[in-house]
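What follows is the content of upload17.txt (compact mmCIF, C-alpha atoms).
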```
# COMPACT_ATOMS: atom_id res chain seq x y z
CA MET Y 1 0.00 0.00 0.00
CA ARG Y 2 2.97 2.28 0.38
CA GLU Y 3 2.96 2.99 -3.35
CA HIS Y 4 0.06 5.36 -2.67
CA ASP Y 5 2.26 7.53 -0.49
CA HIS Y 6 3.58 10.80 -1.79
CA GLU Y 7 7.29 11.05 -2.42
CA HIS Y 8 7.74 13.06 0.78
CA GLY Y 9 6.25 10.23 2.77
CA HIS Y 10 2.77 11.43 3.68
CA PRO Y 11 0.47 8.44 3.62
CA HIS Y 12 -2.81 9.93 2.47
CA HIS Y 13 -4.51 6.72 1.45
CA SER Y 14 -4.22 3.47 3.34
CA VAL Y 15 -6.65 1.67 1.05
CA PRO Y 16 -6.64 1.51 -2.73
CA ALA Y 17 -8.84 4.28 -4.14
CA GLY Y 18 -11.08 1.77 -5.96
CA ASP Y 19 -12.12 0.11 -2.69
CA ILE Y 20 -13.16 3.33 -1.07
CA GLU Y 21 -15.02 4.43 -4.20
CA ARG Y 22 -17.03 1.22 -4.15
CA ARG Y 23 -17.68 1.61 -0.42
CA VAL Y 24 -18.99 5.17 -0.90
CA SER Y 25 -21.11 4.25 -3.93
CA SER Y 26 -22.64 1.38 -2.01
CA LEU Y 27 -23.40 3.62 1.00
CA GLU Y 28 -24.90 6.32 -1.20
CA ALA Y 29 -27.19 3.83 -2.96
CA LEU Y 30 -28.28 2.37 0.39
CA LEU Y 31 -29.07 5.77 1.93
CA LEU Y 32 -31.05 6.85 -1.12
CA GLU Y 33 -32.98 3.55 -1.12
CA LYS Y 34 -33.80 3.89 2.59
CA GLY Y 35 -34.94 7.48 2.17
CA LEU Y 36 -32.29 8.83 4.54
CA VAL Y 37 -30.91 11.35 2.03
CA ASP Y 38 -32.38 13.33 -0.84
CA ALA Y 39 -30.37 13.83 -4.04
CA HIS Y 40 -31.61 17.40 -4.56
CA ALA Y 41 -30.72 18.36 -0.97
CA MET Y 42 -27.21 16.94 -1.46
CA ASP Y 43 -26.76 18.93 -4.69
CA ARG Y 44 -27.75 22.07 -2.81
CA LEU Y 45 -25.28 21.37 -0.01
CA VAL Y 46 -22.39 20.99 -2.43
CA ASP Y 47 -23.49 23.98 -4.52
CA THR Y 48 -23.59 26.17 -1.39
CA TYR Y 49 -19.99 25.49 -0.44
CA THR Y 50 -18.44 25.17 -3.89
CA ASN Y 51 -20.20 28.08 -5.64
CA ARG Y 52 -21.85 30.42 -3.14
CA VAL Y 53 -19.90 30.63 0.11
CA GLY Y 54 -16.15 31.26 -0.02
CA PRO Y 55 -13.30 33.55 1.04
CA GLY Y 56 -14.71 36.42 -1.04
CA ASN Y 57 -17.12 36.95 1.87
CA GLY Y 58 -14.31 37.32 4.40
CA ALA Y 59 -12.41 39.60 2.02
CA ARG Y 60 -15.39 41.97 1.87
CA VAL Y 61 -15.51 42.06 5.68
CA VAL Y 62 -11.78 42.87 5.81
CA ALA Y 63 -11.98 45.58 3.14
CA ARG Y 64 -14.87 47.25 4.92
CA ALA Y 65 -13.02 47.11 8.26
CA TRP Y 66 -10.06 48.84 6.60
CA THR Y 67 -12.16 51.70 5.19
CA ASP Y 68 -14.97 52.15 7.72
CA PRO Y 69 -13.73 52.82 11.30
CA ASP Y 70 -17.20 52.47 12.81
CA TYR Y 71 -17.64 49.08 11.15
CA LYS Y 72 -14.21 47.98 12.36
CA ALA Y 73 -15.13 48.99 15.92
CA ARG Y 74 -18.30 46.88 15.70
CA LEU Y 75 -16.35 44.00 14.16
CA MET Y 76 -13.81 43.94 16.98
CA GLU Y 77 -16.52 44.29 19.65
CA ASP Y 78 -19.08 41.82 18.23
CA ALA Y 79 -17.74 40.01 15.18
CA THR Y 80 -20.78 37.73 14.84
CA GLY Y 81 -23.13 40.73 14.64
CA ALA Y 82 -20.89 42.79 12.34
CA ILE Y 83 -20.42 39.85 9.96
CA ARG Y 84 -24.17 39.19 10.02
CA GLU Y 85 -24.67 42.81 8.88
CA MET Y 86 -22.88 41.82 5.67
CA GLY Y 87 -25.26 38.87 5.27
CA TYR Y 88 -22.86 36.09 6.26
CA THR Y 89 -24.30 33.75 8.87
CA GLY Y 90 -24.87 30.15 9.75
CA ARG Y 91 -23.17 26.81 10.10
CA GLN Y 92 -19.61 26.98 11.48
CA GLY Y 93 -19.82 30.75 11.91
CA GLU Y 94 -22.36 30.93 14.73
CA HIS Y 95 -19.90 32.57 17.14
CA MET Y 96 -17.21 34.67 15.48
CA VAL Y 97 -14.16 36.47 16.87
CA VAL Y 98 -11.89 38.69 14.76
CA VAL Y 99 -8.23 39.04 15.73
CA GLU Y 100 -6.26 41.94 14.32
CA ASN Y 101 -2.71 41.90 13.01
CA THR Y 102 -0.62 44.93 13.95
CA GLU Y 103 3.01 45.97 13.74
CA ALA Y 104 3.63 44.08 16.98
CA VAL Y 105 1.27 41.09 16.72
CA HIS Y 106 0.62 38.45 14.04
CA ASN Y 107 -2.28 36.01 14.41
CA ILE Y 108 -2.64 32.53 12.92
CA VAL Y 109 -5.57 30.10 13.25
CA VAL Y 110 -5.56 26.31 13.53
CA CYS Y 111 -7.78 23.49 14.78
CA THR Y 112 -5.49 20.87 16.31
CA LEU Y 113 -8.35 18.47 17.16
CA CYS Y 114 -10.20 18.41 13.82
CA SER Y 115 -10.73 21.08 11.16
CA CYS Y 116 -12.86 23.88 12.68
CA TYR Y 117 -12.95 26.82 10.29
CA PRO Y 118 -15.29 29.81 9.75
CA TRP Y 119 -17.35 28.52 6.80
CA PRO Y 120 -19.66 31.54 6.23
CA VAL Y 121 -16.71 33.88 5.65
CA LEU Y 122 -14.05 31.52 4.23
CA GLY Y 123 -15.95 28.55 2.77
CA LEU Y 124 -14.51 25.07 3.23
CA PRO Y 125 -10.94 24.81 4.57
CA PRO Y 126 -8.05 24.12 2.19
CA ALA Y 127 -6.50 20.64 2.31
CA TRP Y 128 -3.37 21.84 4.11
CA TYR Y 129 -5.46 23.33 6.96
CA LYS Y 130 -6.87 19.84 7.65
CA SER Y 131 -3.50 18.08 7.33
CA SER Y 132 -1.71 16.38 10.21
CA GLU Y 133 1.38 18.49 9.45
CA TYR Y 134 -0.38 21.81 9.95
CA ARG Y 135 -2.50 20.69 12.91
CA ALA Y 136 0.54 19.28 14.72
CA ARG Y 137 3.02 22.06 14.04
CA ALA Y 138 1.08 25.33 14.02
CA VAL Y 139 0.90 25.42 17.82
CA SER Y 140 4.46 24.38 18.61
CA GLU Y 141 6.45 25.97 15.78
CA PRO Y 142 4.31 28.64 14.13
CA ARG Y 143 7.32 30.66 13.00
CA ALA Y 144 8.72 27.69 11.09
CA VAL Y 145 5.32 26.97 9.54
CA LEU Y 146 4.90 30.63 8.55
CA ALA Y 147 8.36 30.61 6.95
CA GLU Y 148 7.26 27.66 4.79
CA PHE Y 149 4.32 29.79 3.66
CA GLY Y 150 6.79 32.56 2.79
CA VAL Y 151 5.90 34.74 5.79
CA ASP Y 152 9.05 35.90 7.55
CA LEU Y 153 8.24 38.08 10.51
CA ASP Y 154 10.54 40.28 12.52
CA PRO Y 155 11.69 38.33 15.63
CA GLY Y 156 10.14 41.05 17.78
CA VAL Y 157 6.64 40.36 16.44
CA GLU Y 158 4.53 38.27 18.84
CA ILE Y 159 2.87 35.34 17.12
CA ARG Y 160 -0.53 34.44 18.52
CA VAL Y 161 -1.81 31.01 17.54
CA TRP Y 162 -5.57 30.50 17.96
CA ASP Y 163 -6.51 26.84 18.45
CA SER Y 164 -10.22 26.51 17.61
CA THR Y 165 -11.06 23.98 20.34
CA ALA Y 166 -14.68 25.07 20.95
CA GLU Y 167 -17.41 26.62 18.77
CA ILE Y 168 -15.74 30.04 18.50
CA ARG Y 169 -14.50 30.62 14.94
CA TYR Y 170 -11.63 32.99 14.26
CA LEU Y 171 -11.00 35.35 11.35
CA VAL Y 172 -7.70 37.22 11.08
CA LEU Y 173 -7.94 40.90 10.15
CA PRO Y 174 -4.73 41.37 8.15
CA ARG Y 175 -2.77 44.63 8.00
CA ARG Y 176 -3.73 46.94 5.15
CA PRO Y 177 -0.84 47.32 2.73
CA GLY Y 178 0.57 50.80 2.12
CA ASP Y 179 -0.29 52.93 -0.93
CA THR Y 180 -3.83 51.61 -1.12
CA GLU Y 181 -5.66 54.77 0.03
CA HIS Y 182 -7.02 55.35 -3.48
CA LEU Y 183 -8.61 51.90 -3.76
CA SER Y 184 -12.32 51.19 -3.29
CA ASP Y 185 -13.66 48.48 -0.97
CA GLY Y 186 -14.16 46.25 -3.98
CA GLU Y 187 -10.59 46.76 -5.19
CA LEU Y 188 -9.22 46.18 -1.69
CA ALA Y 189 -11.23 42.96 -1.28
CA VAL Y 190 -9.54 41.50 -4.37
CA LEU Y 191 -6.17 41.83 -2.60
CA VAL Y 192 -7.29 39.83 0.44
CA HIS Y 193 -6.38 36.20 -0.13
CA ARG Y 194 -7.92 33.41 1.94
CA ASP Y 195 -4.60 32.57 3.61
CA ALA Y 196 -4.23 36.14 4.91
CA MET Y 197 -7.47 35.63 6.85
CA ILE Y 198 -6.16 32.35 8.34
CA GLY Y 199 -2.90 34.11 9.14
CA THR Y 200 -0.54 32.17 6.87
CA ALA Y 201 -0.06 35.04 4.43
CA LEU Y 202 0.24 38.82 4.43
CA VAL Y 203 -1.74 41.09 2.14
CA GLU Y 204 0.51 42.56 -0.53
CA ALA Y 205 0.00 45.90 -2.27
CA PRO Y 206 -1.16 45.52 -5.91
CA MET H 1 -10.26 10.66 24.42
CA ASP H 2 -6.53 10.48 23.77
CA GLY H 3 -6.88 9.50 20.12
CA ALA H 4 -4.74 10.12 17.07
CA HIS H 5 -6.86 13.17 16.26
CA ASP H 6 -5.28 15.15 19.12
CA LEU H 7 -2.32 16.28 17.03
CA GLY H 8 -1.19 19.57 18.60
CA GLY H 9 2.58 19.56 19.18
CA MET H 10 3.22 16.10 17.69
CA HIS H 11 6.58 15.73 15.95
CA GLY H 12 7.75 14.06 12.76
CA PHE H 13 5.20 15.10 10.14
CA GLY H 14 7.42 17.21 7.91
CA ALA H 15 6.55 20.23 5.79
CA VAL H 16 2.98 21.38 5.15
CA ASP H 17 1.95 20.29 1.64
CA ARG H 18 0.13 23.17 -0.05
CA SER H 19 -0.07 21.67 -3.52
CA GLN H 20 -3.71 20.56 -3.34
CA GLU H 21 -6.23 23.38 -3.84
CA ALA H 22 -9.32 21.43 -4.95
CA HIS H 23 -11.83 20.83 -2.16
CA PHE H 24 -12.67 17.39 -3.49
CA PRO H 25 -9.75 16.04 -5.53
CA GLN H 26 -11.58 12.76 -5.93
CA ASP H 27 -15.27 12.27 -6.65
CA TRP H 28 -15.84 9.99 -3.64
CA GLU H 29 -14.66 12.76 -1.30
CA GLU H 30 -17.41 15.08 -2.51
CA ARG H 31 -19.92 12.29 -2.08
CA VAL H 32 -18.80 11.65 1.51
CA PHE H 33 -19.15 15.38 2.20
CA ARG H 34 -22.69 15.57 0.81
CA LEU H 35 -23.82 12.33 2.45
CA THR H 36 -22.43 13.43 5.82
CA LEU H 37 -24.12 16.84 5.75
CA ALA H 38 -27.39 15.39 4.42
CA CYS H 39 -27.49 12.70 7.15
CA GLY H 40 -26.54 15.31 9.76
CA MET H 41 -29.68 17.26 8.83
CA LEU H 42 -31.82 14.32 10.00
CA GLY H 43 -31.08 15.51 13.55
CA LYS H 44 -30.30 12.03 14.89
CA TRP H 45 -26.91 13.14 16.20
CA ASN H 46 -25.07 16.37 16.95
CA LEU H 47 -21.72 17.77 15.81
CA ASP H 48 -19.90 16.58 18.94
CA MET H 49 -21.15 13.04 18.31
CA SER H 50 -19.82 13.31 14.73
CA ARG H 51 -16.42 14.41 15.97
CA SER H 52 -16.41 11.66 18.58
CA ALA H 53 -17.23 9.02 15.95
CA ARG H 54 -14.28 10.13 13.77
CA GLU H 55 -11.93 10.22 16.75
CA ARG H 56 -12.71 6.63 17.67
CA MET H 57 -10.95 5.39 14.54
CA GLU H 58 -8.07 3.08 15.40
CA PRO H 59 -5.05 5.46 15.73
CA ALA H 60 -2.78 3.89 13.10
CA HIS H 61 -5.67 3.89 10.63
CA TYR H 62 -6.60 7.51 11.47
CA LEU H 63 -3.11 8.78 10.79
CA ALA H 64 -2.73 6.78 7.58
CA SER H 65 -6.07 7.72 6.05
CA SER H 66 -7.26 10.84 4.31
CA TYR H 67 -9.58 13.47 5.75
CA TYR H 68 -12.80 12.33 4.11
CA GLU H 69 -12.08 8.73 5.05
CA HIS H 70 -12.34 9.94 8.67
CA TRP H 71 -15.72 11.40 7.78
CA LEU H 72 -16.81 8.18 6.07
CA HIS H 73 -15.83 6.12 9.10
CA GLY H 74 -17.72 8.54 11.37
CA LEU H 75 -20.84 8.49 9.21
CA GLU H 76 -20.98 4.69 8.94
CA SER H 77 -20.51 4.32 12.72
CA LEU H 78 -23.25 6.83 13.53
CA LEU H 79 -25.73 5.32 11.07
CA VAL H 80 -25.30 1.93 12.73
CA ASP H 81 -25.11 3.26 16.33
CA LYS H 82 -28.33 5.22 15.90
CA GLY H 83 -30.11 2.28 14.31
CA LEU H 84 -30.71 3.91 10.92
CA VAL H 85 -28.73 1.25 9.08
CA THR H 86 -27.93 -2.32 10.11
CA PRO H 87 -24.40 -3.74 9.82
CA GLY H 88 -25.77 -6.19 7.23
CA GLU H 89 -27.17 -3.37 5.10
CA LEU H 90 -23.90 -1.50 5.37
CA SER H 91 -21.87 -4.45 4.09
CA SER H 92 -24.34 -5.46 1.36
CA GLY H 93 -25.35 -1.96 0.22
CA ARG H 94 -28.97 -3.18 -0.03
CA ALA H 95 -31.85 -2.10 2.19
CA GLY H 96 -33.34 -4.81 4.39
CA GLU H 97 -36.91 -5.14 5.61
CA GLY H 98 -36.77 -2.10 7.89
CA ARG H 99 -38.67 1.14 7.53
CA ILE H 100 -38.21 3.72 4.82
CA PHE H 101 -37.44 7.19 6.14
CA ASP H 102 -38.30 10.71 5.00
CA PRO H 103 -35.17 12.57 3.95
CA VAL H 104 -34.72 16.29 4.57
CA PRO H 105 -35.79 17.88 1.25
CA GLY H 106 -33.71 20.31 -0.79
CA ASP H 107 -35.91 23.30 -0.06
CA ARG H 108 -34.99 23.14 3.63
CA VAL H 109 -31.21 23.18 3.10
CA LYS H 110 -30.78 26.96 2.99
CA GLU H 111 -32.69 27.52 6.22
CA ILE H 112 -30.87 24.70 8.04
CA LEU H 113 -27.41 25.97 7.01
CA GLU H 114 -28.32 29.54 7.93
CA ARG H 115 -29.53 28.50 11.36
CA GLY H 116 -26.40 26.45 12.01
CA GLY H 117 -25.93 25.14 15.52
CA PRO H 118 -25.44 27.99 17.99
CA THR H 119 -23.99 26.76 21.29
CA LEU H 120 -24.35 29.87 23.47
CA MET H 121 -26.65 29.20 26.44
CA GLU H 122 -27.88 30.89 29.55
CA ALA H 123 -25.58 30.10 32.45
CA HIS H 124 -26.79 28.40 35.63
CA ALA H 125 -24.19 29.91 37.96
CA PRO H 126 -21.80 32.84 38.17
CA ARG H 127 -18.46 32.32 36.48
CA LYS H 128 -15.44 31.38 38.54
CA TYR H 129 -12.67 33.18 36.65
CA ARG H 130 -11.91 36.68 35.37
CA ALA H 131 -9.60 38.11 32.74
CA GLY H 132 -6.11 38.29 34.23
CA ASP H 133 -6.51 35.16 36.38
CA ARG H 134 -3.69 32.66 36.05
CA VAL H 135 -5.32 29.23 35.93
CA ARG H 136 -4.12 25.65 35.73
CA ILE H 137 -5.72 23.08 33.42
CA VAL H 138 -6.66 19.74 34.96
CA ASN H 139 -4.45 16.75 34.27
CA GLU H 140 -7.19 14.33 33.27
CA HIS H 141 -7.39 11.84 30.43
CA PRO H 142 -11.09 11.10 29.95
CA ARG H 143 -11.91 8.17 27.67
CA HIS H 144 -14.91 10.02 26.26
CA HIS H 145 -14.93 12.87 23.74
CA THR H 146 -13.37 16.07 25.03
CA ARG H 147 -12.22 19.36 23.50
CA MET H 148 -9.32 19.71 25.94
CA PRO H 149 -6.21 19.04 23.85
CA ARG H 150 -3.46 17.00 25.51
CA TYR H 151 -0.84 19.70 25.16
CA ILE H 152 -2.55 22.03 27.67
CA ARG H 153 -3.27 19.48 30.41
CA GLY H 154 -1.60 20.35 33.69
CA ARG H 155 -0.34 23.64 32.20
CA ALA H 156 -0.98 27.16 33.49
CA GLY H 157 -2.23 30.04 31.38
CA GLU H 158 -3.82 33.45 31.70
CA VAL H 159 -7.55 33.98 31.23
CA VAL H 160 -7.96 36.70 28.60
CA SER H 161 -11.69 36.53 27.83
CA CYS H 162 -14.97 34.79 28.59
CA HIS H 163 -17.20 33.83 25.67
CA GLY H 164 -20.22 33.18 27.91
CA ALA H 165 -21.63 29.74 28.65
CA HIS H 166 -21.68 27.23 25.80
CA VAL H 167 -22.89 23.66 25.30
CA PHE H 168 -20.37 21.40 27.03
CA PRO H 169 -19.04 19.07 24.30
CA ASP H 170 -17.98 16.24 26.64
CA GLU H 171 -21.61 15.73 27.72
CA HIS H 172 -23.15 16.64 24.36
CA ALA H 173 -21.11 13.93 22.58
CA THR H 174 -22.23 11.21 24.97
CA SER H 175 -25.78 11.83 26.26
CA GLY H 176 -26.73 14.54 23.78
CA GLU H 177 -27.73 16.80 26.68
CA LYS H 178 -26.96 20.50 26.38
CA ILE H 179 -25.28 21.50 29.65
CA PRO H 180 -24.00 25.10 29.80
CA HIS H 181 -20.44 25.72 30.97
CA TYR H 182 -18.45 28.93 30.76
CA LEU H 183 -15.95 29.07 27.94
CA TYR H 184 -12.76 31.08 28.45
CA GLY H 185 -10.03 32.24 26.13
CA VAL H 186 -6.78 31.20 27.84
CA ARG H 187 -3.32 32.35 26.76
CA PHE H 188 -0.37 29.97 27.18
CA THR H 189 3.27 30.87 26.63
CA GLY H 190 5.39 28.61 24.44
CA GLU H 191 7.75 27.95 27.35
CA GLU H 192 4.87 26.74 29.53
CA LEU H 193 3.60 24.36 26.83
CA TRP H 194 6.80 23.00 25.34
CA GLY H 195 9.47 23.79 27.93
CA ALA H 196 12.26 26.36 27.98
CA GLY H 197 14.57 25.82 25.04
CA PHE H 198 11.94 23.96 23.03
CA ALA H 199 9.58 26.85 22.28
CA GLU H 200 9.90 29.48 19.58
CA GLU H 201 10.68 32.97 20.82
CA GLY H 202 7.61 35.20 21.20
CA ALA H 203 5.02 32.62 20.16
CA VAL H 204 1.93 32.17 22.35
CA VAL H 205 -1.10 29.92 22.00
CA TYR H 206 -4.72 30.88 22.74
CA VAL H 207 -7.05 27.99 23.53
CA ASP H 208 -10.80 28.05 24.22
CA VAL H 209 -11.21 26.24 27.53
CA PHE H 210 -14.43 25.15 29.24
CA GLU H 211 -14.64 25.84 32.97
CA PRO H 212 -14.59 22.12 33.96
CA TYR H 213 -11.21 21.83 32.22
CA ILE H 214 -9.75 24.29 34.76
CA ALA H 215 -8.45 22.89 38.06
CA GLY H 216 -8.27 26.31 39.73
CA ILE H 217 -6.09 29.37 40.16
CA ALA H 218 -2.45 28.45 39.50
CA ASP H 219 0.00 28.81 42.40
```

Would you encode the structure as structure tokens?
Amino acid sequence: MREHDHEHGHPHHSVPAGDIERRVSSLEALLLEKGLVDAHAMDRLVDTYTNRVGPGNGARVVARAWTDPDYKARLMEDATGAIREMGYTGRQGEHMVVVENTEAVHNIVVCTLCSCYPWPVLGLPPAWYKSSEYRARAVSEPRAVLAEFGVDLDPGVEIRVWDSTAEIRYLVLPRRPGDTEHLSDGELAVLVHRDAMIGTALVEAP
Amino acid sequence: MDGAHDLGGMHGFGAVDRSQEAHFPQDWEERVFRLTLACGMLGKWNLDMSRSARERMEPAHYLASSYYEHWLHGLESLLVDKGLVTPGELSSGRAGEGRIFDPVPGDRVKEILERGGPTLMEAHAPRKYRAGDRVRIVNEHPRHHTRMPRYIRGRAGEVVSCHGAHVFPDEHATSGEKIPHYLYGVRFTGEELWGAGFAEEGAVVYVDVFEPYIAGIAD
């Protein structure tokens, strides 16, 4: 079975893919036959998280926080309410907290126990966020992990790692890059990549 | 439960692989996702029970299998545990004599996702700790589901916030009862967690900690 391992030795599949495909097909047929799942409902679930909800939502929250001081104050005080104002609510975003990057502090989010992630503002987590490597290392060597992502911070910057162990979901408010005063909210949102809102990237000027 | 899922601080995994951007690189992964969410909408189990079912995978298997295989294992276990599917049906893929259910229809999906599963509750008692308190986490290794990662047990940290009282996952995963317990944001230094000389300079970890996970004020 080791032939399924990647070259760098991460065993992602302990069973041949064909076996698991058959197992899933068999389960799906059984659940449809027993009336436990509805095909249309399942299409809607996938459509929601592949086409409708994604990191563009979080980017709009960030851009607005950068340009609207009153909104930012509400966001820092009651993130759930301020994000709801933008229309983003629901599953895996019921209780939101926003943590702000500054000159002195850099924040990074992880879920060491599973894969907790703020779905309404970021969509489904990327594969690396759910990986054993990230979950194991983000808490004990965040600087090394950030360096792998190309983020080299001044040694004087405090790194705050947020382990999502309960139902609080964290969104990082990245620092606004310089020379962007002339940009609109929409133009700013385009600059805000998903990883910057997890804390594994910085926002770069255009 | 001290399972293989409790990964914080574990060594030996190597670099983070960022090459995969697709949410569902293989078709079966998308199907596990949609089946899991659709079955979850039936309301026969809660999110903590789902997590608990995934965590009970045999540790070597957990570490060697992919993310959606964990979900598949969890879903199959819950379907059998809750009596929705028999082990015979699961292995044959054919429905037996049992009843036919009513699935949650597509027109209810939006409302269910928007409602989510809020966990904030009214508290039954005043809270024990305040921001600025230095507290010590219990050194306990419960065999049931818990959201107290191993790496904080027995360690001391500073309370920085209180998120109010939330559904206590340890109880919710077992009996399904919603018991409110205060949830605190607790800040731990790297030195406290990993030992002097083994922690990165200036790196701190914030963990959301339920009140029963706290032994008391640290000496």

(message) Using all atoms listed in the file, I'd like every residue of chain Y that has an atom within 6 Å of chain H; please write them out as number ranges by chain.
(response) Y: 11-14, 21, 26-27, 30, 34-38, 40-42, 89-91, 94, 112-113, 128, 133-137, 140, 158-163, 165-166

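The shortest atom-to-atom distance to Asp133 (chain H), with all atoms listed in the file taken into account, belongs to H:Gly216 out of H:Gly216, H:Gly43, H:Gly88, H:Tyr182.
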
(request) Could you give me, as a PyMOL selection string, the residues that have an atom at most 7 Å away from the point (-18.7, 36.0, 4.4) in the coordinates of the file, using only C-alpha atoms? (result) chain Y and resi 53-58+61+83+88+120-122

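Across the model, the gap from CA of Ile217 (chain H) to CA of Arg136 (chain H) is 6.1 Å.
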
Centre and edges of the region 54-60 of chain Y box, axis-aligned, 5 Å extra per side, as lines of an AutoDock Vina configuration file:
```
center_x = -14.8
center_y = 36.6
center_z = 1.7
size_x = 14.7
size_y = 20.7
size_z = 15.4
```

(message) Between CA of Glu187 (chain Y) and CA of Ala59 (chain Y), what is the distance in Å, rounded to a tenth?
(response) 10.3 Å

Since fewer atoms than expected are present, regenerate N, CA and C atoms for region 85-101 of chain H and write them as a PDB file, in the coordinates of the input.
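Ended up saving to rebuild-v6.pdb:
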```pdb
ATOM      1  N   VAL H  85     -29.229   2.230  10.045  1.00  0.00           N
ATOM      2  CA  VAL H  85     -28.730   1.250   9.080  1.00  0.00           C
ATOM      3  C   VAL H  85     -28.228   0.056   9.892  1.00  0.00           C
ATOM      4  N   THR H  86     -28.467  -1.146   9.405  1.00  0.00           N
ATOM      5  CA  THR H  86     -27.930  -2.320  10.110  1.00  0.00           C
ATOM      6  C   THR H  86     -26.543  -2.653   9.559  1.00  0.00           C
ATOM      7  N   PRO H  87     -25.730  -3.353  10.343  1.00  0.00           N
ATOM      8  CA  PRO H  87     -24.400  -3.740   9.820  1.00  0.00           C
ATOM      9  C   PRO H  87     -24.524  -4.556   8.534  1.00  0.00           C
ATOM     10  N   GLY H  88     -25.563  -5.373   8.440  1.00  0.00           N
ATOM     11  CA  GLY H  88     -25.770  -6.190   7.230  1.00  0.00           C
ATOM     12  C   GLY H  88     -26.053  -5.310   6.014  1.00  0.00           C
ATOM     13  N   GLU H  89     -26.870  -4.289   6.202  1.00  0.00           N
ATOM     14  CA  GLU H  89     -27.170  -3.370   5.100  1.00  0.00           C
ATOM     15  C   GLU H  89     -25.914  -2.622   4.673  1.00  0.00           C
ATOM     16  N   LEU H  90     -25.121  -2.250   5.669  1.00  0.00           N
ATOM     17  CA  LEU H  90     -23.900  -1.500   5.370  1.00  0.00           C
ATOM     18  C   LEU H  90     -22.947  -2.345   4.522  1.00  0.00           C
ATOM     19  N   SER H  91     -22.814  -3.633   4.858  1.00  0.00           N
ATOM     20  CA  SER H  91     -21.870  -4.450   4.090  1.00  0.00           C
ATOM     21  C   SER H  91     -22.438  -4.851   2.735  1.00  0.00           C
ATOM     22  N   SER H  92     -23.773  -5.021   2.656  1.00  0.00           N
ATOM     23  CA  SER H  92     -24.340  -5.460   1.360  1.00  0.00           C
ATOM     24  C   SER H  92     -24.671  -4.280   0.435  1.00  0.00           C
ATOM     25  N   GLY H  93     -24.934  -3.108   1.035  1.00  0.00           N
ATOM     26  CA  GLY H  93     -25.350  -1.960   0.220  1.00  0.00           C
ATOM     27  C   GLY H  93     -26.810  -2.045  -0.205  1.00  0.00           C
ATOM     28  N   ARG H  94     -27.551  -3.016   0.320  1.00  0.00           N
ATOM     29  CA  ARG H  94     -28.970  -3.180  -0.030  1.00  0.00           C
ATOM     30  C   ARG H  94     -29.825  -3.019   1.207  1.00  0.00           C
ATOM     31  N   ALA H  95     -30.957  -2.317   1.053  1.00  0.00           N
ATOM     32  CA  ALA H  95     -31.850  -2.100   2.190  1.00  0.00           C
ATOM     33  C   ALA H  95     -32.543  -3.396   2.575  1.00  0.00           C
ATOM     34  N   GLY H  96     -32.641  -3.627   3.884  1.00  0.00           N
ATOM     35  CA  GLY H  96     -33.340  -4.810   4.390  1.00  0.00           C
ATOM     36  C   GLY H  96     -34.831  -4.520   4.521  1.00  0.00           C
ATOM     37  N   GLU H  97     -35.448  -5.233   5.460  1.00  0.00           N
ATOM     38  CA  GLU H  97     -36.910  -5.140   5.610  1.00  0.00           C
ATOM     39  C   GLU H  97     -37.354  -3.864   6.334  1.00  0.00           C
ATOM     40  N   GLY H  98     -36.422  -3.205   6.987  1.00  0.00           N
ATOM     41  CA  GLY H  98     -36.770  -2.100   7.890  1.00  0.00           C
ATOM     42  C   GLY H  98     -37.522  -0.961   7.217  1.00  0.00           C
ATOM     43  N   ARG H  99     -37.823   0.052   8.020  1.00  0.00           N
ATOM     44  CA  ARG H  99     -38.670   1.140   7.530  1.00  0.00           C
ATOM     45  C   ARG H  99     -37.938   2.033   6.535  1.00  0.00           C
ATOM     46  N   ILE H 100     -38.741   2.712   5.739  1.00  0.00           N
ATOM     47  CA  ILE H 100     -38.210   3.720   4.820  1.00  0.00           C
ATOM     48  C   ILE H 100     -38.431   5.079   5.468  1.00  0.00           C
ATOM     49  N   PHE H 101     -37.402   5.902   5.444  1.00  0.00           N
ATOM     50  CA  PHE H 101     -37.440   7.190   6.140  1.00  0.00           C
ATOM     51  C   PHE H 101     -37.890   8.316   5.207  1.00  0.00           C
TER      52      PHE H 101
END
```
